[in-house]
Each structure stands twice: as structure tokens, then as C-alpha cells.
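Visitor: Supplied in C-alpha cells, the structure appears directly below.
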Amino acid sequence: MLLMAVPASYEPHHFSKALLAGALLQSAAYGMVLAWLTHKSKVARNVVLVVLTLLFALETYAYVTFDSRLTPNILTLMLQTSWKEIGEFFSVYVLSWRTVAFVFVAAVLVTAYCYVHRRFFADVTIGKKLKYAAIALAVAGISLFFIPLPFPLGQNSLNQLFISGLFVWETHQEIETMETMIDQINITKTPTEADAPVVVLVIGESFNKYHSNLYGYTLPTQPRLTAERDSGRLIVYTHAMTPTNGTAYAMRYLFSQKGCGETTDSTDCVLMPAVFHKAHYQVAYFDNQYTRSSGGSLDYSCGYFLNPEYINDHCFDYRNDQTMDYDADFVKHYSETFLRQPRSLNIIHLMGQHFDAAKRYPETYDRFHAEDIHRPDLDEGERTQVAQYDNATLYNDYTLAGIIDAFRDVDAVVVYLSDHGEQIYDDAEHVYGRMFGSLQSKATLKNVYQVPFMVWCSNTYQTKHPDDFQRLSEARDKVVCTADLPYLLYDLAGIDFNYHHPERSFIHPSFQSHQTILQK
């Protein structure tokens with residue numbers, strides 16, 4: 001059972017130690033329960049031993065071969081694989097040195113267990129104190145995973161498989177509802193081409209707004225956007241928040257009508273791009289984190305719900321097929337593909353300042369260094385991390401300026417926001433990254449849940465849509481929740497339909513601010 005926890009340590013991110021520790025405790029607890037259930041039946045005990053050992057070997061094999069644990073992607077591949085594909089899989093992967101190695105390791109483990117058990121533990125009796133300790137360990141190991149903690153706990157192979165299976169089942173139910181809701185969308189108003197602007201949505205990543213000089217930061221991390229603000233084309237919103245601190249969850253809010261803290265129903269599954277598409281807008285989606293071609297309907301990363309064929313075809317006219325190391329290179333590569341004609345929607349998802357920030361910009365943007373960070377409470381290594389994050393923010397400014405330039409000469413409105421923020425040693429908690437689940441922390445609320453939110457309007461847009469521009473300007477100090485973003489976009493695009501709630505657009509005269517975790 002302890003071996004089953006080892007795959008948790010394969011996770012390639014900064015919580016790997018916590019994941020492994022949690023998975024070890026969980027595995028030990030399950031081991032105690034299974035030992036009690038099978039202690040009178042050698043057959044049952046041996047079946048459990050073989051099954052769990054093979055499960056451990058399977059997950060380790062998946063990680064070594066496909067760089068993945070037993071995720072929903074792997075599980076769905078297994079469920080949807082044909083007999084022909086199974087044969088090809090065996091010829092390519094199973095009849096390989098990796099397979100031989102894992103079979104050998106599994107055989108050694110089982111043989112070693114059997115030998116040690118017969119040699120040393122066949123006649124061992126367990127005292128009462130040890131039994132009580134085992135019961136306490138089992139209760140603690142199982143109960144701990146139902147207690148809210150400010151950091152994630154790892155899952156062993158058994159739990160990973162169960163959670164992945166549950167996710168696949170629930171996701172497919174949700175996707176079926178989304179497909180049904182697409183068919184039920186009824187457009188009641190759409191603008192003529194002469195009146196329709198080019199709408200651009202840019203989704204950033206891990207942007208702590210307090211590291212932008214637009215929000216009072218001391219270093220000039222966003223000089224280009226500052227110039228756009230000073231020229232009157234960029235409106236900076238002061239009180240925007242996100243309902244989540246994870247990208248995959250944020251994408252669900254941004255791309256659908258899912259409400260913040262509301263009771264869920266089928267209208268939550270109305271997809272914003274599908275509404276635009278039905279309103280005769282051309283829709284293009286450019287994502288520098290994931291592409292549909294990398295996983296198709298099996299890709300459960302980030303915007304997984306957009307990948308099934310029916311949804312993809314009814315939401316988008318174009319999607320990119322490759323990503324790049326740096327956002328500005330990505331924007332430059334696809335700028336000629338951006339939709340600039342009237343009645344079009346461009347959605348651009350960037351890498352932004354995603355961890356590791358030092359990898360988000362080229363050497364030419366290594367402008368800030370440890371000596372530029374005047375923080376005596378931080379050591380040199382920590383000040384270097386802050387400087388690297390500021391460099392990534394400066395590069396993000398350059399990237400956004402490139403997007404703006406692509407639409408400068410057309411009737412365009414560009415909405416920019418980040419999916420969530422990040423803690424960059426800014427408060428007494430002394431945290432770099434995100435503390436998951438800690439909504440009670442003022443530092444988390446400030447640095448992670450508050451996000452930058454900006455709207456850029458071209459000169460042509462301001463001339464053709466003066467009322468909308470005025471409404472955008474007058475709303476700059478409202479409390480804004482990013483879960484309401486689709487309704488803002490409908491408002492800007494001049495779209496109305498049967499599932500529309502115009503009062504959720506913060507520039508609409510009937511706007512009703514709903515309860516958020518962020519207050520002025």
C-alpha cells in the first residue's frame with residue numbers, strides 16, 4: 001500500500017512533498033483497513049496485493065511513458081480505445097524494455113512480500129496497543145482528507161483512479177448538458193455589420209495586480225499600458241475579483257454563464273462563444289497554454305469542456321494548433337490570423353506570469369534584479385524571485401501592447417483580465433505562489449482573488465460607440481466579478497438572447513451587484 005503513494009511524488013510542481021506525505025498517510029490508512037478485511041482469507045489478501053501492485057505499476061508506467069499519472073485523459077483513452085488500437089499499443093509500448101522492467105519489478109515486489117511474510121510474520125500476533133495505533137492511523141488517514149486545509153493533499157494510485165473516474169463521469173454529464181443548451185440558444189438581437197465592433201478578450205495568467213504600476217507598484221512594470229491609459233484609450237478597473245484561484249475553474253466561469261456562489265442549473269452550461277457564434281459572429285480562439293489538437297475531446301486540461309467535437313464546431317471558426325515558449329512570439333505568429341472584420345470575437349489565452357516566472361520572458365527582458373527590490377525583509381534569493389516576476393509582468397506589458405497594435409486601426413474593444421493572482425512575498429505570510437483554499441487569509445484575498453481588469457478602446461470604437469465608451473469609463477470603480485464577464489461581452493457586442501441576464505453586465509443601467517468575497 002505504501003508503494004501506491006509513490007506516484008504522488010512524480011507530480012512535477014512545488015507541492016510534491018505535501019502530495020507525497022498525504023498520499024503516504026492515506027495509503028497506510030487504507031492498508032490497515034484492507035488488512036483487517038482480508039486477514040482471515042489468504043485468497044482475498046493475495047488478490048488485493050496483486051491488484052494494488054499492478055495498479056501501482058500501471059500508474060508508474062503511465063508516468064514514465066506518457067508523463068502522466070492516472071488522469072482523466074488516461075482513463076478516457078483506456079475507455080475509448082478500440083481493439084485495433086489495443087493491438088497497436090501492445091506492439092509499440094507493451095513489447096518494450098519498459099514493460100519488461102516493470103513486470104520484473106512487480107514480480108520482485110510480490111516475491112519479496114511473500115518471502116518476508118512467510119519468513120518473519122506468519123506467526124506474529126499483534127498486541128492491543130498496536131491494534132489501537134493501527135485503528136487511530138486508519139481513522140486519521142481517512143478523515144484528514146475531509147478536513148479543509150490551506151494546501152493540497154496527495155492522492156495515492158487507488159484514489160487517483162477513483163477521482164479520475166468520477167471526474168470523467170461528471171464531466172461527460174456536464175458536456176451533454178452544454179450540447180443541449182447550445183441547441184436551445186435563441187438569438188433575439190444581433191447588430192448589423194456596420195454597427196458591430198471587433199470584440200477581443202485577453203485572458204492573462206497568475207497576475208498579481210499590485211506588481212503593476214497601474215495599481216500603484218513602484219517599479220515601471222507596465223509602461224506601454226500606462227501610455228495607453230494616459231492617452232484615454234485604456235480604462236483600468238480598481239475593484240475586480242475572481243471567484244477561484246485555479247485556471248481550469250476560472251475558464252469555466254469565463255467561458256460560460258456559471259454564476260459566482262449561485263445555485264447551479266442548466267443555464268450555467270450556456271457557453272459564451274456559442275452565443276456569439278449563433279449571433280453570426282466569427283469566433284477565433286488562440287491559446288498559448290493548450291491546443292485542442294494535443295488531446296481533442298480527451299484533453300481535460302484548462303478549457304477541457306470546449307474540446308468535444310460538437311461544442312468546438314458550434315463555438316469556434318478557428319483555433320490555433322501550436323503553442324510557443326513566449327507570449328509575444330505567440331501573438332506575433334498568429335497576429336495575421338486575428339479576426340479584424342466587423343462582428344468578430346477573438347479570445348486569446350496567454351501564459352502570462354505563470355510559475356515559473358523566470359521562464360516566461362526572454363533574456364532581453366531581464367531588466368529588474370535583486371538590487372532593484374528594496375525589501376529588507378527578504379533575502380537575496382527571494383528578492384531575485386520578485387525581480388523575475390516583475391520582469392514577467394514587464395514582458396506581459398509588451399505582449400499586450402502587441403495585441404492592442406493588432407487592433408489599433410479598427411473598430412475594436414479589448415477586454416483584459418487575469419484568471420487569478422499570485423502571492424509574491426507581499427505580506428506577512430511570506431508566501432510565493434498560491435495557498436489553495438485559504439479564503440480567510442487577507443493576503444490571499446488581496447493578492448490572489450483580486451485581479452487586474454482593463455478595457456482598451458480604439459479611437460474608431462470611441463467615435464462609433466460613444467455611449468458604450470462612456471458607460472465603460474463610468475464603471476471603473478464598481479466592484480466587478482469576473483464570473484459576469486460573458487454578460488459584459490454580450491453588452492459590448494449588442495447581442496440579446498433567451499438566456500441573457502443583462503443586469504449582470506456591470507455597464508448596464510440595471511446592473512445588480514451580487515455577493516462577492518471582495519469588498520471595497
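Ligands are numbered from 1 in the order shown, residues from 1 within each chain, and chains are lettered A, B, ... in the order they appear in the C-alpha cells.
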For segment 338-440 of chain A against segment 243-254 of chain A, with a cut-off of 8 Å and counting only C-alpha atoms, what is the closest atom pair and its distance in Å to one decimal for every residue that makes the cut, ordered by chain and number, as a Markdown table?
Guide:
| residue | atom | partner | partner_atom | distance |
| --- | --- | --- | --- | --- |
| A:Asp419 | CA | A:Ala250 | CA | 5.7 |
| A:His420 | CA | A:Asn245 | CA | 5.3 |
| A:Gly421 | CA | A:Asn245 | CA | 7.3 |
| A:Arg434 | CA | A:Asn245 | CA | 7.8 |
| A:Phe436 | CA | A:Asn245 | CA | 7.3 |
Visitor: Please provide the set of residues having any atom within 10 Å of segment 273-283 of chain A, restricted to only C-alpha atoms, with same-chain residues fewer than 5 positions apart removed, written as a PyMOL selection string.
Guide: chain A and resi 178-179+181-183+185-193+196+198-200+255-256+306+311-319+338-347+486+489-490+493-497+499-500
Visitor: Since we have the selection now, will you write its residues out, keeping C-alpha atoms, as a PDB file, in the first residue's frame?
Guide:
ATOM      1  CA  MET A 178     -23.734  22.020 -22.704  1.00  0.00           C
ATOM      2  CA  GLU A 179     -24.523  20.434 -26.054  1.00  0.00           C
ATOM      3  CA  MET A 181     -28.081  24.165 -24.218  1.00  0.00           C
ATOM      4  CA  ILE A 182     -26.282  25.112 -27.453  1.00  0.00           C
ATOM      5  CA  ASP A 183     -29.278  23.816 -29.383  1.00  0.00           C
ATOM      6  CA  ILE A 185     -29.941  29.222 -27.622  1.00  0.00           C
ATOM      7  CA  ASN A 186     -32.323  31.577 -29.440  1.00  0.00           C
ATOM      8  CA  ILE A 187     -30.809  34.884 -30.589  1.00  0.00           C
ATOM      9  CA  THR A 188     -33.303  37.768 -30.394  1.00  0.00           C
ATOM     10  CA  LYS A 189     -30.956  40.634 -31.277  1.00  0.00           C
ATOM     11  CA  THR A 190     -27.680  40.933 -33.154  1.00  0.00           C
ATOM     12  CA  PRO A 191     -26.131  44.074 -34.677  1.00  0.00           C
ATOM     13  CA  THR A 192     -25.602  44.747 -38.351  1.00  0.00           C
ATOM     14  CA  GLU A 193     -22.025  44.533 -39.583  1.00  0.00           C
ATOM     15  CA  ALA A 196     -20.795  45.631 -34.732  1.00  0.00           C
ATOM     16  CA  VAL A 198     -14.451  43.666 -33.108  1.00  0.00           C
ATOM     17  CA  VAL A 199     -14.543  42.211 -29.582  1.00  0.00           C
ATOM     18  CA  VAL A 200     -11.277  40.904 -28.133  1.00  0.00           C
ATOM     19  CA  PHE A 255     -16.488  30.786 -20.987  1.00  0.00           C
ATOM     20  CA  SER A 256     -19.929  30.009 -19.603  1.00  0.00           C
ATOM     21  CA  LEU A 306     -14.530  23.266 -25.166  1.00  0.00           C
ATOM     22  CA  ILE A 311     -19.028  22.002 -28.829  1.00  0.00           C
ATOM     23  CA  ASN A 312     -15.873  23.024 -30.675  1.00  0.00           C
ATOM     24  CA  ASP A 313     -17.710  23.223 -34.021  1.00  0.00           C
ATOM     25  CA  HIS A 314     -20.563  25.312 -32.571  1.00  0.00           C
ATOM     26  CA  CYS A 315     -18.273  27.718 -30.708  1.00  0.00           C
ATOM     27  CA  PHE A 316     -15.261  28.424 -32.912  1.00  0.00           C
ATOM     28  CA  ASP A 317     -14.411  29.138 -36.504  1.00  0.00           C
ATOM     29  CA  TYR A 318     -10.679  28.921 -35.814  1.00  0.00           C
ATOM     30  CA  ARG A 319      -8.318  27.528 -33.141  1.00  0.00           C
ATOM     31  CA  PHE A 338      -6.663  37.528 -35.766  1.00  0.00           C
ATOM     32  CA  LEU A 339     -10.188  38.374 -36.899  1.00  0.00           C
ATOM     33  CA  ARG A 340     -10.446  42.090 -37.691  1.00  0.00           C
ATOM     34  CA  GLN A 341     -13.695  42.221 -39.644  1.00  0.00           C
ATOM     35  CA  PRO A 342     -16.896  43.604 -38.039  1.00  0.00           C
ATOM     36  CA  ARG A 343     -18.923  41.154 -35.959  1.00  0.00           C
ATOM     37  CA  SER A 344     -15.993  39.046 -34.798  1.00  0.00           C
ATOM     38  CA  LEU A 345     -14.750  37.776 -31.436  1.00  0.00           C
ATOM     39  CA  ASN A 346     -11.095  36.960 -30.679  1.00  0.00           C
ATOM     40  CA  ILE A 347     -10.279  35.083 -27.462  1.00  0.00           C
ATOM     41  CA  PRO A 486     -19.846  36.973 -20.571  1.00  0.00           C
ATOM     42  CA  LEU A 489     -19.200  40.918 -23.737  1.00  0.00           C
ATOM     43  CA  TYR A 490     -22.829  40.431 -24.827  1.00  0.00           C
ATOM     44  CA  ALA A 493     -21.362  43.130 -28.880  1.00  0.00           C
ATOM     45  CA  GLY A 494     -25.015  44.175 -28.973  1.00  0.00           C
ATOM     46  CA  ILE A 495     -26.351  40.619 -28.520  1.00  0.00           C
ATOM     47  CA  ASP A 496     -29.565  39.567 -26.800  1.00  0.00           C
ATOM     48  CA  PHE A 497     -30.957  36.033 -26.478  1.00  0.00           C
ATOM     49  CA  TYR A 499     -30.886  33.075 -21.585  1.00  0.00           C
ATOM     50  CA  HIS A 500     -29.454  36.575 -21.244  1.00  0.00           C
TER      51      HIS A 500
END
Visitor: Taking into account only C-alpha atoms, which residue in the set A:Gln512, A:Thr384, A:Thr364, A:Thr238 is nearest to Leu214 of chain A?
Guide: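 Comparing A:Gln512, A:Thr384, A:Thr364, A:Thr238 against Leu214 of chain A, the winner is A:Thr238.
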Visitor: Which residue out of A:Asp477, A:Asp377, A:Met454, A:His239 has the minimum interatomic distance to Glu429 of chain A when only C-alpha atoms are used?
Guide: A:Asp377
Visitor: Just asking: which residues within segment 286-430 of chain A are alpha helix (DSSP H) according to DSSP, as a ChimeraX atom specification?
Guide: /A:309-315,327-334,380-406
Visitor: Would you save the residues from that selection as an mmCIF file, in the first residue's frame, using C-alpha atoms?
Guide:
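The resulting file, out-v7.cif, is shown below:
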data_model
loop_
_atom_site.group_PDB
_atom_site.id
_atom_site.type_symbol
_atom_site.label_atom_id
_atom_site.label_comp_id
_atom_site.auth_asym_id
_atom_site.auth_seq_id
_atom_site.Cartn_x
_atom_site.Cartn_y
_atom_site.Cartn_z
ATOM 1 C CA GLU A 309 -16.253 17.998 -31.473
ATOM 2 C CA TYR A 310 -19.856 19.201 -31.277
ATOM 3 C CA ILE A 311 -19.028 22.002 -28.829
ATOM 4 C CA ASN A 312 -15.873 23.024 -30.675
ATOM 5 C CA ASP A 313 -17.710 23.223 -34.021
ATOM 6 C CA HIS A 314 -20.563 25.312 -32.571
ATOM 7 C CA CYS A 315 -18.273 27.718 -30.708
ATOM 8 C CA ASP A 327 3.612 35.008 -25.330
ATOM 9 C CA ALA A 328 4.814 37.854 -27.534
ATOM 10 C CA ASP A 329 6.204 35.351 -30.065
ATOM 11 C CA PHE A 330 2.840 33.585 -29.973
ATOM 12 C CA VAL A 331 0.971 36.853 -30.607
ATOM 13 C CA LYS A 332 3.327 37.837 -33.425
ATOM 14 C CA HIS A 333 2.959 34.419 -35.064
ATOM 15 C CA TYR A 334 -0.843 34.499 -35.040
ATOM 16 C CA GLU A 380 18.695 37.857 -1.918
ATOM 17 C CA GLY A 381 17.146 34.699 -3.357
ATOM 18 C CA GLU A 382 13.642 35.918 -2.540
ATOM 19 C CA ARG A 383 14.340 39.373 -3.965
ATOM 20 C CA THR A 384 15.566 37.654 -7.134
ATOM 21 C CA GLN A 385 12.242 35.784 -7.375
ATOM 22 C CA VAL A 386 10.345 39.062 -7.011
ATOM 23 C CA ALA A 387 12.516 40.674 -9.716
ATOM 24 C CA GLN A 388 11.872 37.747 -12.052
ATOM 25 C CA TYR A 389 8.126 38.100 -11.503
ATOM 26 C CA ASP A 390 8.383 41.821 -12.269
ATOM 27 C CA ASN A 391 10.302 41.010 -15.454
ATOM 28 C CA ALA A 392 7.499 38.640 -16.468
ATOM 29 C CA THR A 393 4.996 41.437 -15.780
ATOM 30 C CA LEU A 394 7.032 43.837 -17.922
ATOM 31 C CA TYR A 395 7.099 41.274 -20.738
ATOM 32 C CA ASN A 396 3.353 40.790 -20.353
ATOM 33 C CA ASP A 397 3.001 44.556 -20.899
ATOM 34 C CA TYR A 398 4.943 44.183 -24.156
ATOM 35 C CA THR A 399 2.717 41.268 -25.201
ATOM 36 C CA LEU A 400 -0.495 43.169 -24.506
ATOM 37 C CA ALA A 401 0.827 46.160 -26.436
ATOM 38 C CA GLY A 402 1.342 43.825 -29.410
ATOM 39 C CA ILE A 403 -2.281 42.673 -29.191
ATOM 40 C CA ILE A 404 -3.510 46.270 -28.972
ATOM 41 C CA ASP A 405 -1.422 47.255 -32.003
ATOM 42 C CA ALA A 406 -3.069 44.466 -33.997
#
